[in-house]
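In what follows, a structure is listed as structure tokens, so that the remarks can point back to it.
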Amino acid sequence: MERHEYFKQFHDIGTADYDLLTKCLKTKAFKKGDFITVAGQTQRELYLVKSGVQMSYFDTDNKTHVIAFTYPPNLCAIPESFSFQIPSKYFLTCLTDSELDYITFEELQKLFDQSQQIERLFRRMTEAVLAGMINRHIELHSMTIEERYKTFCQRSLHLLQLVPHKYIASYLGIDPTNFSKLFNTVKF
């Protein structure tokens, strides 16, 4: 999906404002396994995924807890670290080679002062992230493991080929053995 069309899903930003935003973007390439942000580090840049898959997670007691996956054309960030410019409590890493466009926190704040439309776009994108997190929380607490798996497959089926299944199992709150059974029996 072309980026301007992606933005229009959230707010119908005009061409002049779109150009103002995109001229501020720079590109970074990351290799599989590279960290974008580590726990304790403040995320200074907001990313828009051009290619690749990224994962946010934290570790406790030798167990990885996956919070989210990002992939084109979505935003990629540790939201609270970027928005409040505070140290992150968790990690953001690349699961595949990735190319990300980015804008710094300071540049984005300047754009907000210049353009109400850009500020509105990012507010609505942030609201969508919040709504997605709430829906995911509800899914984790109200759905069976099979329902969670099916919902994930309907939303992000392509990740089954790109992401180690142990990470998807963690994201869905499913034991890896049960995930394997679902993978082998529930077809899409």
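Ordering of the structure tokens sets the chain letters (A, B, ...); residue numbers start at 1 within each chain; ligands are numbered from 1 in the order shown.
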Point to revise | All residues 8 Å or closer to Lys28 (chain A), only C-alpha atoms, same chain fewer than 2 positions away omitted, as a list in words | key: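 Here the answer would be Lys26, Phe30, Glu99, Leu100, Asp101 and Tyr102 of chain A.
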Practice item. Mind checking which residues fall within 9 Å of Leu140 (chain A), counting only C-alpha atoms, ignoring those fewer than 5 positions away in the same chain, and posting them as an NGL selection string? Key: :A and (135 or 145 or 148 or 172-173)
Review point. Nearest to Asp175 (chain A) among A:Glu80, A:Thr60, A:Glu2, A:Glu146, with distances taken over only C-alpha atoms: which residue is it?
Key: A:Glu146
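Straight-line separation from CA of Ala77 (chain A) to CA of Thr144 (chain A): 28.8 Å.
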Review point. Hey, can you check how far CA of Tyr6 (chain A) sits from CA of Thr104 (chain A)?
Key: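 Result for CA of Tyr6 (chain A) versus CA of Thr104 (chain A): 20.2 Å, one decimal.
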**Study point:** Contact residues around Ile168 (chain A) with only C-alpha atoms at 10 Å, ignoring same-chain residues under 3 positions, as a PyMOL selection string
**Key:** chain A and resi 65-69+149+152+159-160+163-165+171-174+176+179
Atoms to include: all heavy atoms. Write the selected residues as a compact mmCIF listing (two decimals), in the first residue's frame.
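Resulting contents of selection_16.txt:
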# COMPACT_ATOMS: atom_id res chain seq x y z
N HIS A 65 8.44 -12.49 26.41
CA HIS A 65 7.04 -12.08 26.34
C HIS A 65 6.91 -11.08 25.19
O HIS A 65 7.38 -9.94 25.29
CB HIS A 65 6.59 -11.43 27.65
CG HIS A 65 6.75 -12.32 28.83
ND1 HIS A 65 5.79 -13.24 29.21
CD2 HIS A 65 7.79 -12.47 29.71
CE1 HIS A 65 6.22 -13.90 30.28
NE2 HIS A 65 7.42 -13.45 30.60
N VAL A 66 6.27 -11.51 24.10
CA VAL A 66 6.14 -10.67 22.92
C VAL A 66 4.94 -9.74 23.07
O VAL A 66 3.83 -10.18 23.39
CB VAL A 66 6.01 -11.53 21.65
CG1 VAL A 66 5.79 -10.67 20.43
CG2 VAL A 66 7.26 -12.40 21.48
N ILE A 67 5.18 -8.46 22.84
CA ILE A 67 4.14 -7.44 22.95
C ILE A 67 3.49 -7.18 21.60
O ILE A 67 2.27 -7.09 21.50
CB ILE A 67 4.74 -6.14 23.53
CG1 ILE A 67 5.29 -6.41 24.92
CG2 ILE A 67 3.71 -5.02 23.53
CD1 ILE A 67 6.17 -5.31 25.46
N ALA A 68 4.32 -7.04 20.56
CA ALA A 68 3.77 -6.67 19.25
C ALA A 68 4.75 -7.02 18.14
O ALA A 68 5.96 -7.14 18.37
CB ALA A 68 3.47 -5.17 19.21
N PHE A 69 4.19 -7.16 16.94
CA PHE A 69 4.96 -7.27 15.71
C PHE A 69 4.60 -6.07 14.84
O PHE A 69 3.46 -5.61 14.85
CB PHE A 69 4.59 -8.54 14.92
CG PHE A 69 4.85 -9.81 15.67
CD1 PHE A 69 3.81 -10.55 16.20
CD2 PHE A 69 6.15 -10.28 15.84
CE1 PHE A 69 4.04 -11.74 16.89
CE2 PHE A 69 6.39 -11.46 16.54
CZ PHE A 69 5.33 -12.19 17.05
N TYR A 149 -5.66 -17.84 17.90
CA TYR A 149 -4.87 -18.26 16.75
C TYR A 149 -5.57 -17.88 15.44
O TYR A 149 -4.96 -17.32 14.54
CB TYR A 149 -4.62 -19.77 16.81
CG TYR A 149 -3.87 -20.31 15.61
CD1 TYR A 149 -2.50 -20.12 15.49
CD2 TYR A 149 -4.53 -20.98 14.60
CE1 TYR A 149 -1.80 -20.60 14.40
CE2 TYR A 149 -3.85 -21.47 13.50
CZ TYR A 149 -2.49 -21.28 13.40
OH TYR A 149 -1.80 -21.74 12.31
N PHE A 152 -5.49 -14.12 14.87
CA PHE A 152 -4.15 -13.74 14.43
C PHE A 152 -3.95 -14.07 12.95
O PHE A 152 -3.45 -13.25 12.18
CB PHE A 152 -3.08 -14.44 15.27
CG PHE A 152 -1.68 -14.17 14.82
CD1 PHE A 152 -1.02 -13.03 15.21
CD2 PHE A 152 -1.02 -15.07 13.98
CE1 PHE A 152 0.27 -12.77 14.78
CE2 PHE A 152 0.26 -14.82 13.54
CZ PHE A 152 0.91 -13.65 13.94
N LEU A 159 2.79 -13.66 8.69
CA LEU A 159 3.82 -13.76 9.72
C LEU A 159 4.15 -15.21 10.07
O LEU A 159 5.25 -15.48 10.57
CB LEU A 159 3.41 -12.99 10.98
CG LEU A 159 3.35 -11.47 10.85
CD1 LEU A 159 3.00 -10.84 12.20
CD2 LEU A 159 4.63 -10.88 10.29
N LEU A 160 3.24 -16.13 9.80
CA LEU A 160 3.53 -17.55 10.08
C LEU A 160 4.74 -18.04 9.30
O LEU A 160 5.43 -18.96 9.73
CB LEU A 160 2.31 -18.42 9.74
CG LEU A 160 1.10 -18.27 10.65
CD1 LEU A 160 -0.06 -19.11 10.13
CD2 LEU A 160 1.43 -18.65 12.08
N VAL A 163 8.09 -15.32 11.00
CA VAL A 163 8.40 -15.17 12.42
C VAL A 163 8.51 -16.54 13.06
O VAL A 163 7.64 -17.40 12.84
CB VAL A 163 7.29 -14.34 13.12
CG1 VAL A 163 7.51 -14.29 14.61
CG2 VAL A 163 7.22 -12.94 12.53
N PRO A 164 9.56 -16.78 13.86
CA PRO A 164 9.62 -18.05 14.59
C PRO A 164 8.34 -18.28 15.39
O PRO A 164 7.85 -17.37 16.07
CB PRO A 164 10.84 -17.89 15.50
CG PRO A 164 11.71 -16.90 14.78
CD PRO A 164 10.74 -15.94 14.13
N HIS A 165 7.81 -19.48 15.30
CA HIS A 165 6.52 -19.78 15.92
C HIS A 165 6.53 -19.59 17.43
O HIS A 165 5.49 -19.27 18.02
CB HIS A 165 6.06 -21.18 15.53
CG HIS A 165 5.66 -21.25 14.09
ND1 HIS A 165 5.27 -22.41 13.50
CD2 HIS A 165 5.59 -20.30 13.11
CE1 HIS A 165 4.97 -22.19 12.24
NE2 HIS A 165 5.18 -20.91 11.98
N TYR A 171 3.22 -14.20 21.81
CA TYR A 171 2.33 -13.07 21.53
C TYR A 171 0.88 -13.43 21.81
O TYR A 171 0.11 -12.63 22.35
CB TYR A 171 2.51 -12.65 20.07
CG TYR A 171 1.56 -11.59 19.60
CD1 TYR A 171 1.73 -10.26 19.96
CD2 TYR A 171 0.47 -11.92 18.78
CE1 TYR A 171 0.84 -9.29 19.52
CE2 TYR A 171 -0.40 -10.96 18.34
CZ TYR A 171 -0.22 -9.64 18.71
OH TYR A 171 -1.10 -8.68 18.27
N LEU A 172 0.51 -14.65 21.46
CA LEU A 172 -0.87 -15.11 21.63
C LEU A 172 -1.15 -15.68 23.03
O LEU A 172 -2.29 -16.03 23.34
CB LEU A 172 -1.22 -16.16 20.57
CG LEU A 172 -1.22 -15.65 19.13
CD1 LEU A 172 -1.42 -16.80 18.16
CD2 LEU A 172 -2.29 -14.57 18.94
N GLY A 173 -0.12 -15.80 23.85
CA GLY A 173 -0.30 -16.36 25.18
C GLY A 173 -0.64 -17.85 25.13
O GLY A 173 -1.45 -18.34 25.91
N ILE A 174 0.01 -18.55 24.19
CA ILE A 174 -0.25 -19.98 23.99
C ILE A 174 1.05 -20.74 24.21
O ILE A 174 2.12 -20.33 23.74
CB ILE A 174 -0.75 -20.25 22.54
CG1 ILE A 174 -2.05 -19.48 22.27
CG2 ILE A 174 -0.95 -21.73 22.29
CD1 ILE A 174 -2.52 -19.56 20.82
N PRO A 176 3.95 -23.17 23.45
CA PRO A 176 4.47 -23.54 22.13
C PRO A 176 3.99 -24.90 21.62
O PRO A 176 3.77 -25.07 20.41
CB PRO A 176 5.99 -23.53 22.33
CG PRO A 176 6.21 -22.56 23.44
CD PRO A 176 5.02 -22.74 24.36
N PHE A 179 0.53 -24.36 20.39
CA PHE A 179 0.59 -23.58 19.15
C PHE A 179 0.91 -24.50 17.98
O PHE A 179 0.30 -24.41 16.91
CB PHE A 179 1.64 -22.47 19.25
CG PHE A 179 1.74 -21.66 17.99
CD1 PHE A 179 0.91 -20.57 17.79
CD2 PHE A 179 2.63 -22.01 16.98
CE1 PHE A 179 0.98 -19.83 16.62
CE2 PHE A 179 2.70 -21.28 15.81
CZ PHE A 179 1.87 -20.19 15.63
Review point. When DSSP works through the backbone of this structure, what residues of chain A end up as alpha helix (DSSP H), shown as a PyMOL selection string?
Key: chain A and resi 3-8+15-22+79-84+105-114+116-142+145-156+159-162+165-172+176-185
Practice item. Return as a PyMOL selection string the full set of residues in chain A whose backbone-based DSSP assignment is strand (DSSP E or B). Key: chain A and resi 26-30+35-37+42+45-51+54-60+63-70+75-76+87+91-94+98-104
Requested write-out: C-alpha atoms of the selected residues, as a compact mmCIF listing (two decimals), in the first residue's frame:
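Output file part-v3.txt is given in full below:
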# COMPACT_ATOMS: atom_id res chain seq x y z
CA LYS A 26 15.19 9.66 6.52
CA THR A 27 15.87 5.96 5.97
CA LYS A 28 17.78 3.41 8.05
CA ALA A 29 18.55 -0.19 7.19
CA PHE A 30 18.74 -2.84 9.89
CA PHE A 35 18.09 -3.80 18.03
CA ILE A 36 16.18 -0.62 17.24
CA THR A 37 15.68 0.22 20.93
CA THR A 42 14.91 6.37 25.12
CA GLU A 45 12.93 8.29 16.43
CA LEU A 46 9.52 7.20 15.18
CA TYR A 47 9.71 4.66 12.37
CA LEU A 48 7.50 3.83 9.42
CA VAL A 49 8.19 0.32 8.15
CA LYS A 50 9.16 0.07 4.49
CA SER A 51 10.20 -3.59 4.64
CA GLN A 54 10.08 -6.15 13.88
CA MET A 55 9.11 -7.32 17.37
CA SER A 56 8.77 -5.62 20.74
CA TYR A 57 9.27 -7.81 23.79
CA PHE A 58 10.61 -8.15 27.30
CA ASP A 59 12.23 -11.05 29.13
CA THR A 60 11.49 -12.39 32.61
CA LYS A 63 11.04 -16.36 29.10
CA THR A 64 10.35 -13.97 26.22
CA HIS A 65 7.04 -12.08 26.34
CA VAL A 66 6.14 -10.67 22.92
CA ILE A 67 4.14 -7.44 22.95
CA ALA A 68 3.77 -6.67 19.25
CA PHE A 69 4.96 -7.27 15.71
CA THR A 70 5.30 -4.49 13.15
CA LEU A 75 4.39 2.56 12.58
CA CYS A 76 7.22 0.97 14.52
CA PRO A 87 13.59 5.12 28.91
CA PHE A 91 13.16 -4.13 23.51
CA LEU A 92 12.40 -3.45 19.85
CA THR A 93 14.34 -5.68 17.46
CA CYS A 94 14.34 -6.73 13.82
CA SER A 98 14.39 -4.22 7.62
CA GLU A 99 14.26 -0.83 6.01
CA LEU A 100 12.58 1.89 8.05
CA ASP A 101 11.86 5.53 7.37
CA TYR A 102 12.08 7.70 10.47
CA ILE A 103 11.52 11.13 11.91
CA THR A 104 13.04 12.37 15.16
Compile the contact shell of Gly52 (chain A) as a CSV table (one decimal) with all heavy atoms, in the first residue's frame: residues with an atom at most 6 Å away, counting only C-alpha atoms, same-chain residues fewer than 5 positions apart removed.
chain,number,residue,atom,x,y,z
A,71,TYR,N,5.2,-4.4,10.8
A,71,TYR,CA,5.6,-4.7,9.4
A,71,TYR,C,4.9,-3.6,8.5
A,71,TYR,O,4.1,-2.9,8.9
A,71,TYR,CB,5.1,-6.1,9.0
A,71,TYR,CG,3.7,-6.5,9.4
A,71,TYR,CD1,2.6,-6.1,8.5
A,71,TYR,CD2,3.4,-7.1,10.6
A,71,TYR,CE1,1.3,-6.4,8.9
A,71,TYR,CE2,2.1,-7.4,11.0
A,71,TYR,CZ,1.1,-7.1,10.1
A,71,TYR,OH,-0.2,-7.4,10.4
A,96,THR,N,13.7,-9.7,10.8
A,96,THR,CA,14.2,-9.9,9.4
A,96,THR,C,15.0,-8.6,9.1
A,96,THR,O,14.9,-7.6,9.8
A,96,THR,CB,13.1,-10.0,8.4
A,96,THR,OG1,12.3,-8.8,8.3
A,96,THR,CG2,12.1,-11.2,8.7
A,97,ASP,N,15.8,-8.7,8.0
A,97,ASP,CA,16.4,-7.5,7.5
A,97,ASP,C,15.2,-6.5,7.3
A,97,ASP,O,14.1,-6.8,6.8
A,97,ASP,CB,17.1,-7.7,6.2
A,97,ASP,CG,18.4,-8.5,6.3
A,97,ASP,OD1,18.8,-8.8,7.5
A,97,ASP,OD2,18.9,-8.9,5.3
A,98,SER,N,15.5,-5.2,7.6
A,98,SER,CA,14.4,-4.2,7.6
A,98,SER,C,14.9,-2.9,7.1
A,98,SER,O,16.0,-2.5,7.3
A,98,SER,CB,13.8,-4.0,9.0
A,98,SER,OG,13.3,-5.2,9.6
**Study point:** Nearest to Leu157 (chain A), chosen from A:Glu139, A:Gly132, A:Lys187, A:Arg120, with only C-alpha atoms counted in the distances
**Key:**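 Among the listed residues, A:Lys187 lies closest to Leu157 (chain A).
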Practice item. May I have the residues within 12 Å of Thr15 (chain A) as number ranges by chain, using only C-alpha atoms and disregarding those fewer than 3 positions away in the same chain? Key: A: 3-5, 7-8, 12, 18-23, 117-118
Output file for the selection above: N, CA and C atoms, as an mmCIF file, in the first residue's frame:
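Resulting contents of result_26.cif:
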data_model
loop_
_atom_site.group_PDB
_atom_site.id
_atom_site.type_symbol
_atom_site.label_atom_id
_atom_site.label_comp_id
_atom_site.auth_asym_id
_atom_site.auth_seq_id
_atom_site.Cartn_x
_atom_site.Cartn_y
_atom_site.Cartn_z
ATOM 1 N N ARG A 3 2.133 4.878 0.857
ATOM 2 C CA ARG A 3 2.105 5.500 2.184
ATOM 3 C C ARG A 3 0.996 6.541 2.329
ATOM 4 N N HIS A 4 0.781 7.368 1.317
ATOM 5 C CA HIS A 4 -0.254 8.390 1.420
ATOM 6 C C HIS A 4 -1.625 7.739 1.613
ATOM 7 N N GLU A 5 -1.874 6.646 0.897
ATOM 8 C CA GLU A 5 -3.132 5.906 1.060
ATOM 9 C C GLU A 5 -3.226 5.319 2.477
ATOM 10 N N PHE A 7 -1.884 6.601 5.206
ATOM 11 C CA PHE A 7 -2.216 7.702 6.098
ATOM 12 C C PHE A 7 -3.704 8.064 6.014
ATOM 13 N N LYS A 8 -4.254 8.013 4.807
ATOM 14 C CA LYS A 8 -5.660 8.391 4.614
ATOM 15 C C LYS A 8 -6.622 7.463 5.352
ATOM 16 N N ASP A 12 -7.514 12.156 6.281
ATOM 17 C CA ASP A 12 -7.326 12.535 4.876
ATOM 18 C C ASP A 12 -6.400 13.748 4.776
ATOM 19 N N TYR A 18 1.291 16.176 3.323
ATOM 20 C CA TYR A 18 1.985 14.899 3.105
ATOM 21 C C TYR A 18 3.424 15.161 2.653
ATOM 22 N N ASP A 19 3.593 16.083 1.721
ATOM 23 C CA ASP A 19 4.936 16.418 1.237
ATOM 24 C C ASP A 19 5.783 17.026 2.350
ATOM 25 N N LEU A 20 5.190 17.871 3.173
ATOM 26 C CA LEU A 20 5.900 18.474 4.311
ATOM 27 C C LEU A 20 6.419 17.386 5.247
ATOM 28 N N LEU A 21 5.588 16.392 5.504
ATOM 29 C CA LEU A 21 5.982 15.285 6.376
ATOM 30 C C LEU A 21 7.056 14.415 5.724
ATOM 31 N N THR A 22 6.827 13.987 4.506
ATOM 32 C CA THR A 22 7.736 13.018 3.886
ATOM 33 C C THR A 22 9.114 13.611 3.575
ATOM 34 N N LYS A 23 9.196 14.920 3.382
ATOM 35 C CA LYS A 23 10.524 15.501 3.125
ATOM 36 C C LYS A 23 11.403 15.471 4.381
ATOM 37 N N GLN A 117 -3.000 19.418 10.390
ATOM 38 C CA GLN A 117 -3.374 18.178 9.708
ATOM 39 C C GLN A 117 -2.402 17.047 10.047
ATOM 40 N N ILE A 118 -1.119 17.345 10.121
ATOM 41 C CA ILE A 118 -0.125 16.321 10.492
ATOM 42 C C ILE A 118 -0.323 15.917 11.949
#
Check your understanding: What does the distance between CA of Asn178 (chain A) and CA of His137 (chain A) come to in Å, to one decimal place?
Key -> 20.0 Å
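Each of A:Cys153, A:Ile78, A:Ile86, A:Ala169 was compared to Val129 (chain A) using only C-alpha atoms, and A:Ile78 turns out to be the nearest.
Residue nearest Leu111 (chain A), chosen from A:His158, A:Cys24, A:Met133, A:Ile13 and counting only C-alpha atoms: A:Cys24.
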Practice item. Name the closest residue to Pro79 (chain A) among the candidates A:Asp61, A:Leu130, A:Leu108, A:Ala39; distances are taken between atoms, counting only C-alpha atoms. Key: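 Nearest candidate to Pro79 (chain A) out of A:Asp61, A:Leu130, A:Leu108, A:Ala39: A:Leu130.
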